[in-house]
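Q: Below is the file data14.cif, which contains mmCIF, C-alpha atoms.
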```
data_upload
loop_
_atom_site.group_PDB
_atom_site.id
_atom_site.type_symbol
_atom_site.label_atom_id
_atom_site.label_comp_id
_atom_site.auth_asym_id
_atom_site.auth_seq_id
_atom_site.Cartn_x
_atom_site.Cartn_y
_atom_site.Cartn_z
ATOM 1 C CA MET A 1 -43.038 25.292 -42.750
ATOM 2 C CA ARG A 2 -45.257 27.010 -40.223
ATOM 3 C CA THR A 3 -43.945 29.372 -37.547
ATOM 4 C CA ALA A 4 -44.737 26.850 -34.811
ATOM 5 C CA GLU A 5 -42.543 24.255 -36.507
ATOM 6 C CA ARG A 6 -39.669 26.714 -36.795
ATOM 7 C CA VAL A 7 -39.986 27.644 -33.128
ATOM 8 C CA TRP A 8 -40.021 23.933 -32.298
ATOM 9 C CA ARG A 9 -36.735 23.482 -34.165
ATOM 10 C CA VAL A 10 -35.109 26.245 -32.104
ATOM 11 C CA PHE A 11 -36.485 24.648 -28.947
ATOM 12 C CA ALA A 12 -35.262 21.177 -29.961
ATOM 13 C CA ARG A 13 -31.815 22.557 -30.792
ATOM 14 C CA GLU A 14 -31.508 24.049 -27.300
ATOM 15 C CA VAL A 15 -32.568 20.808 -25.624
ATOM 16 C CA GLN A 16 -30.241 18.686 -27.753
ATOM 17 C CA ALA A 17 -27.350 21.031 -27.035
ATOM 18 C CA ALA A 18 -28.074 20.792 -23.312
ATOM 19 C CA VAL A 19 -28.099 16.991 -23.436
ATOM 20 C CA ARG A 20 -24.600 17.079 -24.923
ATOM 21 C CA THR A 21 -23.352 19.597 -22.340
ATOM 22 C CA ARG A 22 -21.834 17.832 -19.350
ATOM 23 C CA SER A 23 -21.745 21.009 -17.286
ATOM 24 C CA PHE A 24 -25.529 20.890 -16.921
ATOM 25 C CA LEU A 25 -25.273 17.343 -15.593
ATOM 26 C CA ALA A 26 -22.690 18.556 -13.089
ATOM 27 C CA LEU A 27 -25.004 21.431 -12.163
ATOM 28 C CA ALA A 28 -27.849 18.986 -11.492
ATOM 29 C CA LEU A 29 -25.520 16.875 -9.343
ATOM 30 C CA VAL A 30 -24.440 19.907 -7.316
ATOM 31 C CA THR A 31 -28.085 20.902 -6.870
ATOM 32 C CA ALA A 32 -28.949 17.415 -5.642
ATOM 33 C CA ILE A 33 -26.037 17.389 -3.192
ATOM 34 C CA ALA A 34 -27.067 20.801 -1.869
ATOM 35 C CA VAL A 35 -30.749 20.024 -1.251
ATOM 36 C CA PHE A 36 -30.128 16.522 0.105
ATOM 37 C CA GLY A 37 -27.276 17.740 2.287
ATOM 38 C CA VAL A 38 -29.255 20.580 3.833
ATOM 39 C CA ALA A 39 -32.363 18.444 4.287
ATOM 40 C CA THR A 40 -30.594 15.538 5.960
ATOM 41 C CA ALA A 41 -28.502 17.851 8.122
ATOM 42 C CA GLY A 42 -31.694 19.455 9.408
ATOM 43 C CA GLY A 43 -33.452 16.118 9.908
ATOM 44 C CA GLY A 44 -36.420 17.156 7.756
ATOM 45 C CA PRO A 45 -36.848 13.911 5.767
ATOM 46 C CA ALA A 46 -37.320 11.954 8.985
ATOM 47 C CA GLY A 47 -40.086 14.355 10.029
ATOM 48 C CA GLY A 48 -42.081 14.569 6.811
ATOM 49 C CA TYR A 49 -42.694 16.784 3.814
ATOM 50 C CA VAL A 50 -43.343 20.080 5.564
ATOM 51 C CA PRO A 51 -40.293 19.823 7.880
ATOM 52 C CA THR A 52 -38.229 19.082 4.766
ATOM 53 C CA VAL A 53 -39.550 22.216 3.059
ATOM 54 C CA VAL A 54 -38.704 24.219 6.177
ATOM 55 C CA ASP A 55 -35.133 22.920 6.023
ATOM 56 C CA VAL A 56 -34.487 23.590 2.334
ATOM 57 C CA LEU A 57 -36.549 26.740 1.670
ATOM 58 C CA VAL A 58 -33.798 29.304 2.246
ATOM 59 C CA VAL A 59 -31.271 27.319 0.227
ATOM 60 C CA VAL A 60 -33.716 26.746 -2.631
ATOM 61 C CA GLU A 61 -34.652 30.432 -2.705
ATOM 62 C CA ILE A 62 -31.010 31.256 -3.472
ATOM 63 C CA LEU A 63 -30.199 28.125 -5.466
ATOM 64 C CA VAL A 64 -32.991 28.478 -8.050
ATOM 65 C CA PRO A 65 -31.961 31.938 -9.372
ATOM 66 C CA THR A 66 -28.347 30.756 -9.363
ATOM 67 C CA VAL A 67 -29.240 27.772 -11.530
ATOM 68 C CA ALA A 68 -31.288 30.056 -13.796
ATOM 69 C CA PHE A 69 -28.228 32.299 -14.139
ATOM 70 C CA ALA A 70 -26.006 29.358 -15.064
ATOM 71 C CA VAL A 71 -28.523 27.966 -17.546
ATOM 72 C CA GLY A 72 -29.535 31.190 -19.260
ATOM 73 C CA TYR A 73 -26.916 33.923 -19.103
ATOM 74 C CA ARG A 74 -25.476 32.988 -22.524
ATOM 75 C CA ALA A 75 -28.802 31.972 -24.051
ATOM 76 C CA MET A 76 -29.112 35.058 -26.266
ATOM 77 C CA ALA A 77 -25.715 36.725 -25.826
ATOM 78 C CA ASP A 78 -23.883 34.042 -27.825
ATOM 79 C CA PRO A 79 -26.336 34.028 -30.783
ATOM 80 C CA ILE A 80 -26.252 37.837 -30.913
ATOM 81 C CA ALA A 81 -22.441 37.869 -30.832
ATOM 82 C CA ARG A 82 -22.336 35.277 -33.640
ATOM 83 C CA GLY A 83 -24.767 37.333 -35.707
ATOM 84 C CA GLU A 84 -27.513 34.707 -35.684
ATOM 85 C CA LEU A 85 -30.261 37.280 -35.219
ATOM 86 C CA ASP A 86 -29.058 39.118 -38.316
ATOM 87 C CA VAL A 87 -29.203 35.876 -40.260
ATOM 88 C CA MET A 88 -32.681 35.188 -38.890
ATOM 89 C CA GLU A 89 -33.941 38.327 -40.627
ATOM 90 C CA THR A 90 -33.565 36.448 -43.920
ATOM 91 C CA TYR A 91 -35.689 33.552 -42.652
ATOM 92 C CA PRO A 92 -39.452 33.526 -42.038
ATOM 93 C CA LEU A 93 -38.972 33.149 -38.290
ATOM 94 C CA PRO A 94 -39.951 36.168 -36.193
ATOM 95 C CA THR A 95 -37.555 37.298 -33.496
ATOM 96 C CA TRP A 96 -40.092 36.550 -30.781
ATOM 97 C CA GLY A 97 -40.206 32.964 -32.052
ATOM 98 C CA TYR A 98 -36.432 32.632 -31.788
ATOM 99 C CA VAL A 99 -36.408 34.117 -28.279
ATOM 100 C CA GLY A 100 -39.407 32.024 -27.223
ATOM 101 C CA GLY A 101 -37.948 28.789 -28.569
ATOM 102 C CA THR A 102 -34.602 29.490 -26.916
ATOM 103 C CA TYR A 103 -36.278 30.304 -23.615
ATOM 104 C CA ALA A 104 -38.468 27.196 -23.741
ATOM 105 C CA GLY A 105 -35.452 24.966 -24.364
ATOM 106 C CA ARG A 106 -33.556 26.514 -21.458
ATOM 107 C CA ALA A 107 -36.676 26.191 -19.286
ATOM 108 C CA VAL A 108 -36.646 22.428 -19.895
ATOM 109 C CA VAL A 109 -33.017 22.346 -18.762
ATOM 110 C CA LEU A 110 -33.902 24.362 -15.655
ATOM 111 C CA THR A 111 -36.808 22.019 -14.900
ATOM 112 C CA ALA A 112 -34.508 19.021 -15.094
ATOM 113 C CA VAL A 113 -31.679 20.561 -13.067
ATOM 114 C CA VAL A 114 -33.965 21.819 -10.275
ATOM 115 C CA GLY A 115 -37.026 19.592 -10.540
ATOM 116 C CA ILE A 116 -35.387 16.176 -10.629
ATOM 117 C CA PRO A 117 -33.322 16.638 -7.419
ATOM 118 C CA LEU A 118 -36.313 18.101 -5.557
ATOM 119 C CA ALA A 119 -38.589 15.316 -6.816
ATOM 120 C CA ALA A 120 -36.002 12.755 -5.725
ATOM 121 C CA LEU A 121 -35.919 14.413 -2.310
ATOM 122 C CA GLY A 122 -39.706 14.049 -2.099
ATOM 123 C CA VAL A 123 -39.420 10.340 -2.911
ATOM 124 C CA TYR A 124 -36.731 10.021 -0.249
ATOM 125 C CA VAL A 125 -39.035 11.626 2.311
ATOM 126 C CA ALA A 126 -41.861 9.281 1.315
ATOM 127 C CA THR A 127 -39.673 6.224 1.894
ATOM 128 C CA THR A 128 -37.886 7.315 5.070
ATOM 129 C CA ALA A 129 -40.309 9.413 7.176
ATOM 130 C CA GLY A 130 -41.661 7.581 10.192
ATOM 131 C CA PRO A 131 -45.396 6.857 10.597
ATOM 132 C CA GLU A 132 -45.568 9.209 13.574
ATOM 133 C CA THR A 133 -44.880 12.131 11.238
ATOM 134 C CA THR A 134 -48.336 12.005 9.636
ATOM 135 C CA VAL A 135 -49.480 14.615 12.148
ATOM 136 C CA PHE A 136 -47.240 17.181 13.768
ATOM 137 C CA ALA A 137 -48.067 19.339 16.707
ATOM 138 C CA SER A 138 -45.951 22.210 15.463
ATOM 139 C CA HIS A 139 -48.208 22.677 12.453
ATOM 140 C CA ARG A 140 -51.418 21.382 14.048
ATOM 141 C CA GLY A 141 -52.326 19.596 10.844
ATOM 142 C CA ILE A 142 -51.683 16.718 8.508
ATOM 143 C CA ASP A 143 -48.567 16.364 6.426
ATOM 144 C CA SER A 144 -49.183 15.458 2.800
ATOM 145 C CA PRO A 145 -47.244 14.833 -0.411
ATOM 146 C CA LEU A 146 -49.635 17.321 -2.033
ATOM 147 C CA LEU A 147 -48.048 20.057 0.049
ATOM 148 C CA TYR A 148 -44.637 19.043 -1.262
ATOM 149 C CA LEU A 149 -45.983 19.060 -4.824
ATOM 150 C CA ARG A 150 -47.191 22.619 -4.226
ATOM 151 C CA PHE A 151 -43.704 23.533 -3.081
ATOM 152 C CA LEU A 152 -42.193 21.930 -6.187
ATOM 153 C CA ALA A 153 -44.634 23.724 -8.514
ATOM 154 C CA LEU A 154 -44.025 27.109 -6.879
ATOM 155 C CA THR A 155 -40.273 26.547 -7.026
ATOM 156 C CA LEU A 156 -40.386 25.813 -10.753
ATOM 157 C CA LEU A 157 -42.550 28.900 -11.328
ATOM 158 C CA TYR A 158 -39.965 30.963 -9.460
ATOM 159 C CA GLY A 159 -37.280 29.374 -11.612
ATOM 160 C CA PHE A 160 -39.102 30.261 -14.838
ATOM 161 C CA VAL A 161 -39.412 33.884 -13.700
ATOM 162 C CA SER A 162 -35.721 33.976 -12.809
ATOM 163 C CA LEU A 163 -34.803 32.484 -16.181
ATOM 164 C CA SER A 164 -36.887 35.029 -18.103
ATOM 165 C CA LEU A 165 -35.033 37.837 -16.319
ATOM 166 C CA VAL A 166 -31.667 36.251 -17.120
ATOM 167 C CA VAL A 167 -32.637 35.881 -20.791
ATOM 168 C CA LEU A 168 -33.651 39.555 -20.882
ATOM 169 C CA LEU A 169 -30.273 40.567 -19.465
ATOM 170 C CA SER A 170 -28.556 38.253 -21.960
ATOM 171 C CA VAL A 171 -30.291 40.058 -24.842
ATOM 172 C CA ILE A 172 -29.351 43.461 -23.419
ATOM 173 C CA ALA A 173 -25.725 42.391 -22.991
ATOM 174 C CA GLY A 174 -25.184 41.063 -26.487
ATOM 175 C CA SER A 175 -21.831 39.493 -25.613
ATOM 176 C CA ARG A 176 -20.629 36.786 -23.261
ATOM 177 C CA SER A 177 -18.529 39.049 -21.024
ATOM 178 C CA ARG A 178 -21.231 41.672 -20.569
ATOM 179 C CA ALA A 179 -23.837 38.939 -20.107
ATOM 180 C CA LEU A 180 -21.833 37.502 -17.221
ATOM 181 C CA VAL A 181 -21.621 40.875 -15.468
ATOM 182 C CA LEU A 182 -25.278 41.756 -16.021
ATOM 183 C CA ALA A 183 -26.470 38.306 -15.002
ATOM 184 C CA LEU A 184 -24.470 38.458 -11.753
ATOM 185 C CA ALA A 185 -25.952 41.876 -11.017
ATOM 186 C CA GLY A 186 -29.434 40.562 -11.792
ATOM 187 C CA LEU A 187 -28.819 37.565 -9.542
ATOM 188 C CA LEU A 188 -27.951 39.839 -6.619
ATOM 189 C CA VAL A 189 -30.988 42.038 -7.229
ATOM 190 C CA LEU A 190 -33.279 39.029 -7.537
ATOM 191 C CA THR A 191 -32.079 37.200 -4.436
ATOM 192 C CA VAL A 192 -31.505 40.033 -1.981
ATOM 193 C CA GLY A 193 -32.102 43.376 -3.691
ATOM 194 C CA GLY A 194 -35.869 43.393 -3.431
ATOM 195 C CA ASP A 195 -35.908 42.453 0.254
ATOM 196 C CA VAL A 196 -33.202 44.990 1.104
ATOM 197 C CA ALA A 197 -35.117 47.770 -0.656
ATOM 198 C CA VAL A 198 -38.393 46.834 1.047
ATOM 199 C CA PHE A 199 -36.925 46.655 4.540
ATOM 200 C CA ALA A 200 -34.958 49.858 3.987
ATOM 201 C CA ALA A 201 -38.242 51.545 3.119
ATOM 202 C CA LEU A 202 -39.800 50.028 6.231
ATOM 203 C CA ASP A 203 -36.934 51.265 8.391
ATOM 204 C CA GLY A 204 -37.287 54.710 6.857
ATOM 205 C CA SER A 205 -41.008 54.786 7.674
ATOM 206 C CA VAL A 206 -41.873 54.866 3.985
ATOM 207 C CA LEU A 207 -43.789 51.612 4.503
ATOM 208 C CA THR A 208 -45.854 50.402 7.430
ATOM 209 C CA SER A 209 -46.104 46.902 8.839
ATOM 210 C CA GLU A 210 -49.639 46.688 7.451
ATOM 211 C CA SER A 211 -48.482 47.301 3.879
ATOM 212 C CA LEU A 212 -45.339 45.169 4.162
ATOM 213 C CA GLY A 213 -46.959 41.950 2.929
ATOM 214 C CA GLY A 214 -48.395 43.600 -0.152
ATOM 215 C CA VAL A 215 -45.094 45.217 -1.109
ATOM 216 C CA LEU A 216 -43.135 41.991 -0.566
ATOM 217 C CA ALA A 217 -45.628 40.195 -2.800
ATOM 218 C CA VAL A 218 -44.607 42.230 -5.849
ATOM 219 C CA THR A 219 -40.936 41.194 -5.666
ATOM 220 C CA PRO A 220 -40.179 37.769 -7.202
ATOM 221 C CA ALA A 221 -38.368 36.415 -4.149
ATOM 222 C CA GLY A 222 -40.946 37.844 -1.728
ATOM 223 C CA ALA A 223 -43.853 36.487 -3.767
ATOM 224 C CA TYR A 224 -42.289 33.024 -3.944
ATOM 225 C CA ARG A 225 -41.449 32.933 -0.255
ATOM 226 C CA GLY A 226 -44.866 34.213 0.749
ATOM 227 C CA LEU A 227 -46.687 31.663 -1.402
ATOM 228 C CA VAL A 228 -44.629 28.821 0.056
ATOM 229 C CA PHE A 229 -45.493 29.971 3.565
ATOM 230 C CA ASP A 230 -49.185 30.403 2.770
ATOM 231 C CA GLN A 231 -49.754 27.388 0.536
ATOM 232 C CA VAL A 232 -47.369 24.868 2.093
ATOM 233 C CA LEU A 233 -46.151 25.704 5.589
ATOM 234 C CA TYR A 234 -49.185 27.458 7.076
ATOM 235 C CA VAL A 235 -51.938 25.637 5.214
ATOM 236 C CA ALA A 236 -52.749 23.325 8.113
ATOM 237 C CA VAL A 237 -52.841 26.073 10.752
ATOM 238 C CA PRO A 238 -56.488 27.054 11.354
ATOM 239 C CA THR A 239 -55.719 30.482 12.817
ATOM 240 C CA ARG A 240 -53.068 31.458 10.301
ATOM 241 C CA SER A 241 -52.977 34.853 8.645
ATOM 242 C CA SER A 242 -51.710 35.306 5.086
ATOM 243 C CA PHE A 243 -48.015 36.064 4.760
ATOM 244 C CA VAL A 244 -48.684 37.888 1.474
ATOM 245 C CA PRO A 245 -51.882 38.422 -0.561
ATOM 246 C CA GLY A 246 -51.973 35.238 -2.615
ATOM 247 C CA TRP A 247 -53.638 36.715 -5.697
ATOM 248 C CA LEU A 248 -51.122 39.558 -5.749
ATOM 249 C CA ALA A 249 -48.134 37.241 -5.378
ATOM 250 C CA ILE A 250 -49.270 34.957 -8.199
ATOM 251 C CA GLY A 251 -50.056 37.965 -10.388
ATOM 252 C CA ALA A 252 -46.649 39.473 -9.643
ATOM 253 C CA LEU A 253 -44.783 36.287 -10.620
ATOM 254 C CA VAL A 254 -46.776 35.890 -13.832
ATOM 255 C CA GLY A 255 -46.367 39.606 -14.554
ATOM 256 C CA TRP A 256 -42.588 39.504 -14.060
ATOM 257 C CA TRP A 257 -42.375 36.429 -16.288
ATOM 258 C CA ALA A 258 -44.471 37.939 -19.102
ATOM 259 C CA ALA A 259 -42.891 41.395 -18.933
ATOM 260 C CA THR A 260 -39.281 40.219 -18.961
ATOM 261 C CA LEU A 261 -39.836 37.671 -21.706
ATOM 262 C CA ALA A 262 -41.710 40.197 -23.846
ATOM 263 C CA GLY A 263 -38.960 42.737 -23.178
ATOM 264 C CA ALA A 264 -36.347 40.236 -24.338
ATOM 265 C CA ALA A 265 -38.251 39.659 -27.601
ATOM 266 C CA VAL A 266 -38.684 43.396 -28.247
ATOM 267 C CA ILE A 267 -35.046 44.290 -27.556
ATOM 268 C CA ALA A 268 -33.825 41.366 -29.669
ATOM 269 C CA HIS A 269 -36.018 42.589 -32.526
ATOM 270 C CA LEU A 270 -34.575 46.092 -32.260
ATOM 271 C CA ARG A 271 -30.967 44.914 -32.393
#
```
Output the file's structure as structure tokens, nothing else.

A:
Amino acid sequence: MRTAERVWRVFAREVQAAVRTRSFLALALVTAIAVFGVATAGGGPAGGYVPTVVDVLVVVEILVPTVAFAVGYRAMADPIARGELDVMETYPLPTWGYVGGTYAGRAVVLTAVVGIPLAALGVYVATTAGPETTVFASHRGIDSPLLYLRFLALTLLYGFVSLSLVVLLSVIAGSRSRALVLALAGLLVLTVGGDVAVFAALDGSVLTSESLGGVLAVTPAGAYRGLVFDQVLYVAVPTRSSFVPGWLAIGALVGWWAATLAGAAVIAHLR
């Protein structure tokens, strides 16, 4: 059996376990209630795709790492506590393959829990927004489902980065109790820690307003938020200026994803 087939078996096991876990279904339901509730309360679906994104952006920015925490905080801590990694040393499956297969399976769960409610919200907007919402004066441009698809893609990318960080912390913890504590700490750092540190540096004159966008772009939350503003909310504004450097924000998200996932594989191998 080739390594790819063994990794696939780990991946399939994670997905099958998730299908049998009712808590993930409940998590998806809560996510759907949250995004639909916020969107309808703000009136975004009646206005179009971009007004809907404006309504749900702040909630989604907090909700996605929270879902990643719920999906992934035990992903590696439980197998380590049960001694599965020690057993794996007797099988021709490298540790990185076990970590990668586990992560990929949890990423499918995250995609379903976050992606399906947001996709359903997009369908709801498409069927309820009035014809007068095709063009809005506030954005001086044309609303489009492609803009909402950009938002969905960026949100999933942010979710994958969040999940890779949670998996790394799960490997470091090595037990369910420590994983819970570390994951909660990571959740706080991911959602508010980066912004607090950046604005504290700005208040202390360590940063300038000119360099603020570049520094925000290297934090996961700042990169995600900036890309949503640039690629979804401001895209139809002719005189807009970039919220963050786009290339830097994309590179930062990919870099965080690769570095944390590689770190998880290395630490798991050293255990």

Q: Provide the CA of Leu253 (chain A) to CA of Tyr158 (chain A) distance in Å, to one decimal place.

A: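 Calculated distance between CA of Leu253 (chain A) and CA of Tyr158 (chain A) is 7.3 Å.
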
Q: Here's the selection I'm unsure about, the PyMOL selection byres ((chain A and resi 224) around 9); applied to the file above, which residues does it give, as a list in words?

A: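 Output of the PyMOL selection byres ((chain A and resi 224) around 9): Glu61, Leu154, Thr155, Leu157, Tyr158, Ala217, Thr219, Pro220, Ala221, Gly222, Ala223, Arg225, Gly226, Leu227, Val228, Phe229, Ala249, Ile250 and Leu253 of chain A.
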
Q: What's the separation between CA of Gly122 (chain A) and CA of Tyr234 (chain A), in Å to one decimal place?

A: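 Going from CA of Gly122 (chain A) over to CA of Tyr234 (chain A), I get 18.8 Å.
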
Q: Please identify all polymer residues lying at most 10 Å from the point (-34.8, 15.4, -24.3) (file coordinates), using all atoms listed in the file, and present the result as a PDB file with C-alpha atoms, in the frame of the given file.

A:
```
ATOM      1  CA  ALA A  12     -35.262  21.177 -29.961  1.00  0.00           C
ATOM      2  CA  GLU A  14     -31.508  24.049 -27.300  1.00  0.00           C
ATOM      3  CA  VAL A  15     -32.568  20.808 -25.624  1.00  0.00           C
ATOM      4  CA  GLN A  16     -30.241  18.686 -27.753  1.00  0.00           C
ATOM      5  CA  ALA A  17     -27.350  21.031 -27.035  1.00  0.00           C
ATOM      6  CA  ALA A  18     -28.074  20.792 -23.312  1.00  0.00           C
ATOM      7  CA  VAL A  19     -28.099  16.991 -23.436  1.00  0.00           C
ATOM      8  CA  GLY A 105     -35.452  24.966 -24.364  1.00  0.00           C
ATOM      9  CA  VAL A 108     -36.646  22.428 -19.895  1.00  0.00           C
ATOM     10  CA  VAL A 109     -33.017  22.346 -18.762  1.00  0.00           C
ATOM     11  CA  ALA A 112     -34.508  19.021 -15.094  1.00  0.00           C
TER      12      ALA A 112
END
```

Q: Using all atoms listed in the file, which of the listed residues (A:Ala75, A:Ala153, A:Val244, A:Ala32) sits closest to Val56 (chain A)?

A: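 With all atoms listed in the file as the atom set, the closest residue is A:Ala32.
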
Q: Between CA of Ala70 (chain A) and CA of Ala104 (chain A), what is the distance, to one decimal in Å?

A: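 The value is 15.3 Å.
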
Q: Measuring atom to atom with all atoms listed in the file, identify which of A:Ile267, A:Leu93, A:Leu216, A:Leu261 is nearest to Thr3 (chain A).

A: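 Of A:Ile267, A:Leu93, A:Leu216, A:Leu261, the one nearest Thr3 (chain A), counting all atoms listed in the file, is A:Leu93.
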
Q: Using all atoms listed in the file, which residues sit within 12 Å of Leu168 (chain A) once same-chain residues fewer than 6 positions away are excluded, as a ChimeraX atom specification?

A: /A:69,72-77,99-100,102-103,161-162,174,179,182-183,186,256-268

Q: Ranking A:Leu63, A:Gly214, A:Thr111, A:Pro94 by minimum distance to Val30 (chain A) and counting all atoms listed in the file, which one comes first?

A: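 Among the listed residues, A:Leu63 lies closest to Val30 (chain A).
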
Q: Neighbours of Phe36 (chain A) within 9 Å (all atoms listed in the file; same-chain residues fewer than 6 positions away dropped), as a ChimeraX atom specification?

A: /A:56,117-118,121

Q: As lines of an AutoDock Vina configuration file, what would the box around region 96-109 of chain A look like: edges along x, y and z, 8 Å added on every side, centre and edge lengths in Å to one decimal?

A:
```
center_x = -36.6
center_y = 29.4
center_z = -25.4
size_x = 23.2
size_y = 30.2
size_z = 29.3
```

Q: Go through the shown structure with the PyMOL selection byres ((chain A and resi 187) around 9) and write out the matching residues as a PyMOL selection string.

A: chain A and resi 65-66+68-69+162+166+182-186+188-193

Q: When the PyMOL selection byres ((chain A and resi 28) around 9) is applied to the structure above, which residues does it catch, written out as a PDB file with C-alpha atoms, in the coordinates of the input?

A:
```pdb
ATOM      1  CA  SER A  23     -21.745  21.009 -17.286  1.00  0.00           C
ATOM      2  CA  PHE A  24     -25.529  20.890 -16.921  1.00  0.00           C
ATOM      3  CA  LEU A  25     -25.273  17.343 -15.593  1.00  0.00           C
ATOM      4  CA  ALA A  26     -22.690  18.556 -13.089  1.00  0.00           C
ATOM      5  CA  LEU A  27     -25.004  21.431 -12.163  1.00  0.00           C
ATOM      6  CA  LEU A  29     -25.520  16.875  -9.343  1.00  0.00           C
ATOM      7  CA  VAL A  30     -24.440  19.907  -7.316  1.00  0.00           C
ATOM      8  CA  THR A  31     -28.085  20.902  -6.870  1.00  0.00           C
ATOM      9  CA  ALA A  32     -28.949  17.415  -5.642  1.00  0.00           C
ATOM     10  CA  ILE A  33     -26.037  17.389  -3.192  1.00  0.00           C
ATOM     11  CA  VAL A  67     -29.240  27.772 -11.530  1.00  0.00           C
ATOM     12  CA  ALA A 112     -34.508  19.021 -15.094  1.00  0.00           C
ATOM     13  CA  VAL A 113     -31.679  20.561 -13.067  1.00  0.00           C
ATOM     14  CA  VAL A 114     -33.965  21.819 -10.275  1.00  0.00           C
ATOM     15  CA  ILE A 116     -35.387  16.176 -10.629  1.00  0.00           C
ATOM     16  CA  PRO A 117     -33.322  16.638  -7.419  1.00  0.00           C
TER      17      PRO A 117
END
```

Q: Let me make sure I understand: among A:Ser177, A:Thr40, A:Ser164, A:Thr21, which one has the smallest atom-to-atom distance to Ala107 (chain A) if we use all atoms listed in the file?

A: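 Closest to Ala107 (chain A) of all the choices is A:Ser164.
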
Q: Nearest to Ala46 (chain A): which of A:Ala126, A:Ala120, A:Gly97, A:Arg9 is it, counting all atoms listed in the file?

A: A:Ala126
